[in-house]
Amino acid sequence: MASRYIIRTLRKSDLAAVRDMVIKTFVYHEPAGRHLRFTEPEFYKLYDRFAPYINFNTSAVAEVVHEDSKARHLGVVSCHISVPLSAPVDLEDLSEPRLLLGVFDELHKPFEDALKKRMISHDRVLHSLIGATKAEYHGKGVYKKVLAHFSEQVERDARWDAAVAECTSPITRHLKITQLGWKEECFIRYEDYEVDGKRPFAGLKGGASLVWKEYNRGASR
């Protein structure tokens, strides 16, 4: 049975499926999430803080279709979610993700300096927040197509002077740098990260990266 993918922008009807896919990916498959023992309820809280600010125009999904005597749409199997960097999201009361969010805070320090040098305000920056692919579709190039669609939409949208992402996946980091032409501003090895003299990620290989790209140079701000 032949299959094909439809790559398109996010719709409101996709939100429930995307939410469930993202949570299960980060709780059960993402190394940092597993190391910190994220639970589904806490990660649902984290995701739901950002959900009201989703930018549908630059968020993308891959939908799989099986072709037989009648095309059957089997639903969304990969996604990328964007929100404005200026979204007023309060995460202070979330306990489980706190250590990983601390890593992200460190990553953003040199990025903030880069924005100031270029006089780019937060409301002109798109946050490439999170992406996920169902496990059975890993290695099929689906997320690469989703990211390409995301990038095309950002290029067309004059609202954004820049886009930024914190990458915990080496695959996403590689794709954004090599495929989309993003720049790596900062990288933190998990094993090197310290809080109050302790290393909460000891034994975890890899790290987190902040990558970004400047768009629409010369646009009025």
# chains A, B, ... in the order shown; residues from 1 in each chain; ligands from 1
call {"tool": "residues_around", "arguments": {"residues": "Val18 (chain A)", "least_positions_apart": "3", "cutoff": "9 Å", "atoms": "only C-alpha atoms", "output": "PyMOL selection string"}}
result
chain A and resi 14-15+21-23+61+76-81+132
call {"tool": "residues_around", "arguments": {"residues": "region 174-186 of chain A", "least_positions_apart": "2", "cutoff": "9 Å", "atoms": "only C-alpha atoms", "output": "list of chain:residue names"}}
result
A:Glu106, A:Leu107, A:His108, A:Lys109, A:Pro110, A:Phe111, A:Ala114, A:Lys144, A:Leu147, A:Ala148, A:Ser151, A:Ala163, A:Val164, A:Ser169, A:Pro170, A:Ile171, A:Thr172, A:Ile188, A:Ala208, A:Ser209, A:Leu210, A:Val211, A:Trp212, A:Lys213, A:Glu214
call {"tool": "select_by_dssp", "arguments": {"residues": "region 39-155 of chain A", "states": "strand (DSSP E)", "output": "PyMOL selection string"}}
result
chain A and resi 60-67+72-84+125-133
call {"tool": "closest_residue", "arguments": {"among": "A:Phe150, A:Phe43, A:Tyr137, A:Tyr53", "to": "Ile7 (chain A)", "atoms": "only C-alpha atoms"}}
result
A:Phe150
call {"tool": "residues_around", "arguments": {"residues": "Tyr193 (chain A)", "least_positions_apart": "2", "cutoff": "10 Å", "atoms": "only C-alpha atoms", "output": "PyMOL selection string"}}
result
chain A and resi 99+102-103+106+188-191+195+197-202+207
call {"tool": "write_last_selection", "arguments": {"atoms": "C-alpha atoms", "output": "PDB file, in the first residue's frame"}}
result
ATOM      1  CA  LEU A  99      16.356  22.460  35.478  1.00  0.00           C
ATOM      2  CA  GLY A 102      17.534  26.909  33.532  1.00  0.00           C
ATOM      3  CA  VAL A 103      19.736  25.577  30.735  1.00  0.00           C
ATOM      4  CA  GLU A 106      21.770  30.331  30.019  1.00  0.00           C
ATOM      5  CA  ILE A 188      25.856  23.760  26.660  1.00  0.00           C
ATOM      6  CA  ARG A 189      26.945  20.210  27.386  1.00  0.00           C
ATOM      7  CA  TYR A 190      24.560  18.654  29.854  1.00  0.00           C
ATOM      8  CA  GLU A 191      27.387  17.175  31.925  1.00  0.00           C
ATOM      9  CA  VAL A 195      23.340  24.512  39.752  1.00  0.00           C
ATOM     10  CA  GLY A 197      27.529  23.284  42.921  1.00  0.00           C
ATOM     11  CA  LYS A 198      25.692  20.222  41.611  1.00  0.00           C
ATOM     12  CA  ARG A 199      25.516  18.706  38.136  1.00  0.00           C
ATOM     13  CA  PRO A 200      21.905  17.553  37.655  1.00  0.00           C
ATOM     14  CA  PHE A 201      22.595  16.119  34.202  1.00  0.00           C
ATOM     15  CA  ALA A 202      25.653  14.052  35.206  1.00  0.00           C
ATOM     16  CA  GLY A 207      23.605  18.994  25.230  1.00  0.00           C
TER      17      GLY A 207
END
